[in-house]
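Visitor: For reference, the structure I am asking about is given below.
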Amino acid sequence: MTDIIKKLEVSCDASDEELKSLIDSESCDTALYEAADRVRRANYGTDVYMRGLIEFTSYCKNDCFYCGLRRSNRSAVRYRLEKSDILGCARAGYGLGFRTFVLQGGEDMHYTDDMICDIVSALKAEFPECAVTLSIGEKSRESYQSYYDAGADRYLLRHETADNAHYSKLHPDTLSAENRKRCLYDLKEIGYQVGAGFMVGSPYQTVNELIADLRFMQKLEPDMIGIGPFIPHRDTPFRDMPAGTLGLTLRMLAITRLMFPYALIPATTALGTISPDGRERGLRAGANVIMPNLSPADVRKYYELYNNKICSGDEAAESVLIMGRRIKDCGYTPVSARGDVRRGGGEPPLAPRGVS
Ligand code: 5AD
């Protein structure tokens, strides 16, 4: 097993069989995390990039079987933030040091492309040195182009699972893995820094699907990779399905770091939800991004993708201070800079858009 870890560390690749044995085995976790940490330090030092997350709408037109915001969930409380609320969150976040704002929401048709562009350009006008990341789901190429032209820098769209058959067990017929992938390639071609990713332990997932996820990402070469455990939500068809485990999620994070040394990889809220020190353990297994929540405290609990989500009652300022301390306590350095992707090992980041 140590040979496989060494091979991954040196060449960023291994055969399906080798990956399978690494994913299945719990015996070499420490060596795997240590290798991932070496690779992360070689590329990004001890930096942990902070992103301010603004969950601006809990409405969604989709009906994904795993997600608490699914359209059929009549118990969900729905809210939308106005442009002025979003700018207010960003102002507070800027004061706390954030230089990346992530606008995330369900697929809410209330927000037209013009409205999204207006919000993006207002953010870029007020905070020109900040990166704006969108995470608002599947759109047409033209829509993606218009947000980019308005100034959006990055886009997060987890592929969820790269396997078509598995995708259709997690989603209604109206959604397809094919369209999801089309979106990701469109975003890349337009020029966004692109984030893909998947849940670990989602219903019906086996090691074969996890390998398909890694192989898909080798083709896509995403800049950001979001990986977190599946956690059931009581008002979804998957209410009785088991959550993804800490061990498997950490192994997938570490393998991902070894295969994608340049990637920005968050220690996710879902990881912190299944274990009190989950995010710290994620950082030690190769993650280098944390996304504290900047959403207004009064709506935060309603953005409920899964049950028992952490930090849903905290004040933004408070959770940022606590998170900064926790990052330092495990030997890393919280960094408020934009934190653009670094390709080609240790080279300075590409000049951000609009900055020459
Ligand atoms: N458990 C864990 N992650 C979830 N997501 C949605 N529902 C759940 C859940 N029940 C993830 C999806 C989505 C991201 C915003 O949240 O991967 O892309």
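Chain labels run A, B, ... following the order of the structure tokens; each chain numbers its residues from 1, and ligands are numbered from 1 in the order shown.
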Collect all residues with atoms no farther than 6 Å from ligand 1, counting only C-alpha atoms and all ligand atoms, and output them as a PyMOL selection string.
Guide: chain A and resi 66-67+158+160+198-199+229-233+305-306
Visitor: Using DSSP on the backbone, list every residue of segment 108-279 of chain A that comes out as helix (DSSP H, G or I), and give them as an MDAnalysis selection string.
Guide: chainID A and resid 113:126 141:149 164:170 177:190 207:220 246:259 269:274 278:279
Visitor: Which is closest to Met217 of chain A among A:Tyr111, A:Tyr332, A:Tyr192, A:Phe260, if we use only C-alpha atoms?
Guide: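 Distance minimum relative to Met217 of chain A lands on A:Phe260.
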Visitor: How close does segment 216-330 of chain A get to segment 169-186 of chain A? List, as a Markdown table, each residue of segment 216-330 of chain A within 12 Å, its nearest atom pair and the distance in Å to one decimal, counting only C-alpha atoms.
Guide:
```
| residue | atom | partner | partner_atom | distance |
| --- | --- | --- | --- | --- |
| A:Phe216 | CA | A:Lys181 | CA | 9.3 |
| A:Met217 | CA | A:Lys181 | CA | 10.4 |
| A:Lys219 | CA | A:Tyr185 | CA | 10.2 |
| A:Leu220 | CA | A:Tyr185 | CA | 7.3 |
| A:Glu221 | CA | A:Tyr185 | CA | 10.1 |
| A:Pro222 | CA | A:Leu184 | CA | 8.8 |
| A:Asp223 | CA | A:Leu184 | CA | 11.4 |
| A:Met224 | CA | A:Leu184 | CA | 11.8 |
| A:Phe230 | CA | A:Leu170 | CA | 11.4 |
| A:Thr236 | CA | A:Leu170 | CA | 11.2 |
| A:Pro237 | CA | A:Leu170 | CA | 9.8 |
| A:Phe238 | CA | A:Leu170 | CA | 9.1 |
```
Visitor: Could you please determine the separation between atom CA of Ser202 of chain A and atom CA of Tyr302 of chain A in Å, to one decimal place?
Guide: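 Computed distance, atom CA of Ser202 of chain A to atom CA of Tyr302 of chain A, equals 22.3 Å.
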Visitor: To one decimal place, how far is atom CA of Gly226 of chain A from atom CA of Ser84 of chain A in Å?
Guide: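 Those two atoms sit 28.6 Å apart.
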Visitor: Could you tell me how far atom CA of Glu107 of chain A sits from atom CA of Val289 of chain A, in Å to one decimal place?
Guide: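 Separation of atom CA of Val289 of chain A and atom CA of Glu107 of chain A: 24.5 Å.
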Visitor: With segment 150-156 of chain A as the partner and 12 Å as the cut-off, tabulate the residues of segment 294-342 of chain A that qualify, each row holding the nearest pair of atoms and their distance in Å to one decimal, using only C-alpha atoms, sorted by chain and rising number, as a Markdown table.
Guide:
```
| residue | atom | partner | partner_atom | distance |
| --- | --- | --- | --- | --- |
| A:Arg338 | CA | A:Asp153 | CA | 10.7 |
| A:Gly339 | CA | A:Arg154 | CA | 11.6 |
| A:Asp340 | CA | A:Arg154 | CA | 9.5 |
| A:Val341 | CA | A:Arg154 | CA | 10.5 |
```
Visitor: Considering only C-alpha atoms, state which residue in the set A:Arg51, A:Arg284, A:Arg325, A:Arg251 is at the smallest distance from Cys28 of chain A.
Guide: A:Arg251
Visitor: May I ask which of the residues A:Lys139, A:Tyr59, A:Leu157, A:Tyr33 is the closest one to Gln193 of chain A, counting only C-alpha atoms?
Guide: A:Leu157
Visitor: Apply DSSP to the structure's backbone, then extract all residues of segment 7-221 of chain A labelled strand (DSSP E or B) and return them as a VMD selection string.
Guide: chain A and resid 47 to 50 52 to 57 80 100 to 105 131 to 135 154 to 156 160 193 to 200
Visitor: Could you dump the residues just selected with N, CA and C atoms as a compact mmCIF listing (two decimals), in the first residue's frame?
Guide:
```txt
# COMPACT_ATOMS: atom_id res chain seq x y z
N ASP A 47 -0.93 27.70 3.74
CA ASP A 47 -2.09 28.58 3.50
C ASP A 47 -3.43 27.84 3.56
N VAL A 48 -4.39 28.45 4.23
CA VAL A 48 -5.79 28.01 4.12
C VAL A 48 -6.59 29.23 3.68
N TYR A 49 -7.16 29.16 2.49
CA TYR A 49 -7.88 30.30 1.93
C TYR A 49 -9.30 30.34 2.47
N MET A 50 -9.71 31.56 2.85
CA MET A 50 -11.03 31.77 3.44
C MET A 50 -11.97 32.33 2.36
N GLY A 52 -15.94 33.72 1.75
CA GLY A 52 -17.19 34.09 2.43
C GLY A 52 -18.39 33.58 1.64
N LEU A 53 -19.15 32.69 2.26
CA LEU A 53 -20.28 32.06 1.58
C LEU A 53 -21.57 32.82 1.87
N ILE A 54 -22.25 33.22 0.81
CA ILE A 54 -23.54 33.91 0.96
C ILE A 54 -24.61 33.05 0.30
N GLU A 55 -25.44 32.43 1.12
CA GLU A 55 -26.50 31.54 0.62
C GLU A 55 -27.73 32.41 0.38
N PHE A 56 -27.91 32.84 -0.86
CA PHE A 56 -28.85 33.96 -1.07
C PHE A 56 -30.26 33.55 -1.44
N THR A 57 -30.48 32.26 -1.75
CA THR A 57 -31.87 31.82 -1.97
C THR A 57 -32.01 30.34 -1.63
N ARG A 80 -35.41 34.55 0.10
CA ARG A 80 -34.55 35.13 -0.93
C ARG A 80 -33.93 36.40 -0.38
N THR A 100 -12.85 36.82 -1.23
CA THR A 100 -13.65 36.01 -2.16
C THR A 100 -15.06 35.91 -1.59
N PHE A 101 -16.04 36.19 -2.44
CA PHE A 101 -17.43 35.99 -2.04
C PHE A 101 -18.04 34.92 -2.93
N VAL A 102 -18.65 33.95 -2.28
CA VAL A 102 -19.30 32.86 -3.01
C VAL A 102 -20.80 33.04 -2.90
N LEU A 103 -21.45 33.31 -4.03
CA LEU A 103 -22.91 33.43 -4.03
C LEU A 103 -23.49 32.08 -4.39
N GLN A 104 -24.14 31.45 -3.41
CA GLN A 104 -24.69 30.13 -3.67
C GLN A 104 -26.19 30.15 -3.44
N GLY A 105 -26.90 29.38 -4.27
CA GLY A 105 -28.34 29.29 -4.07
C GLY A 105 -28.92 28.11 -4.80
N ALA A 131 -12.57 38.37 -5.54
CA ALA A 131 -13.09 37.40 -6.51
C ALA A 131 -14.56 37.13 -6.19
N VAL A 132 -15.35 37.01 -7.24
CA VAL A 132 -16.76 36.61 -7.08
C VAL A 132 -16.94 35.22 -7.68
N THR A 133 -17.44 34.33 -6.84
CA THR A 133 -17.70 32.95 -7.25
C THR A 133 -19.20 32.74 -7.28
N LEU A 134 -19.70 32.16 -8.35
CA LEU A 134 -21.12 31.82 -8.42
C LEU A 134 -21.31 30.33 -8.23
N SER A 135 -22.41 29.96 -7.57
CA SER A 135 -22.76 28.55 -7.42
C SER A 135 -24.28 28.48 -7.48
N ARG A 154 -15.26 32.86 -10.83
CA ARG A 154 -15.22 31.41 -10.57
C ARG A 154 -16.65 30.86 -10.54
N TYR A 155 -16.75 29.54 -10.73
CA TYR A 155 -18.08 28.91 -10.69
C TYR A 155 -17.95 27.53 -10.07
N LEU A 156 -18.78 27.28 -9.07
CA LEU A 156 -18.81 25.96 -8.44
C LEU A 156 -20.04 25.19 -8.90
N GLU A 160 -21.46 15.82 -8.87
CA GLU A 160 -22.24 14.93 -7.97
C GLU A 160 -21.88 13.46 -8.14
N GLN A 193 -12.52 30.01 -13.43
CA GLN A 193 -11.93 28.98 -12.59
C GLN A 193 -13.12 28.12 -12.15
N VAL A 194 -13.03 26.82 -12.39
CA VAL A 194 -14.20 25.95 -12.26
C VAL A 194 -14.03 24.95 -11.12
N GLY A 195 -15.10 24.78 -10.37
CA GLY A 195 -15.11 23.78 -9.30
C GLY A 195 -16.06 22.65 -9.62
N ALA A 196 -15.56 21.41 -9.53
CA ALA A 196 -16.42 20.23 -9.64
C ALA A 196 -16.41 19.55 -8.27
N GLY A 197 -16.97 18.35 -8.19
CA GLY A 197 -16.92 17.65 -6.91
C GLY A 197 -18.08 16.69 -6.74
N PHE A 198 -18.06 15.98 -5.65
CA PHE A 198 -19.03 14.91 -5.45
C PHE A 198 -19.22 14.64 -3.96
N MET A 199 -20.32 13.96 -3.65
CA MET A 199 -20.57 13.52 -2.28
C MET A 199 -19.95 12.15 -2.09
N VAL A 200 -19.47 11.90 -0.87
CA VAL A 200 -18.92 10.58 -0.54
C VAL A 200 -19.98 9.83 0.26
```
Visitor: Under the rule that only C-alpha atoms are counted, which of A:Met291, A:Ala36, A:Val207, A:Ile274 is the nearest residue to Val10 of chain A?
Guide: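 Counting only C-alpha atoms, the residue closest to Val10 of chain A is A:Ala36.
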Visitor: Can you list, as a PDB file with C-alpha atoms, in the first residue's frame, every protein, DNA or RNA residue that comes within 10 Å of Met115 of chain A when you count only C-alpha atoms, leaving out same-chain residues fewer than 5 positions away?
Guide:
```pdb
ATOM      1  CA  GLU A  82     -32.332  41.202  -2.180  1.00  0.00           C
ATOM      2  CA  LYS A  83     -29.360  42.722  -3.923  1.00  0.00           C
ATOM      3  CA  HIS A 110     -36.884  34.542  -9.634  1.00  0.00           C
ATOM      4  CA  VAL A 120     -22.126  40.527  -9.770  1.00  0.00           C
ATOM      5  CA  SER A 121     -21.220  43.877 -11.293  1.00  0.00           C
ATOM      6  CA  TYR A 147     -22.234  36.390 -15.726  1.00  0.00           C
TER       7      TYR A 147
END
```
Visitor: Tell me which of A:Ser336, A:Ser27, A:Ser295, A:Ser140 sits closest to Ala316 of chain A, counting only C-alpha atoms.
Guide: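 Of all the options, A:Ser295 lies closest to Ala316 of chain A.
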Visitor: Between A:Tyr144, A:Glu318, A:Asp113, A:Glu26, which is the closest to Leu246 of chain A once you count only C-alpha atoms?
Guide: A:Glu26
Visitor: Quick one: residues within 7 Å of Pro261 of chain A, only C-alpha atoms counted, chain neighbours fewer than 3 positions away excluded, as a list in words?
Guide: Val39, Arg40, Asn43, Arg257 and Leu258 of chain A
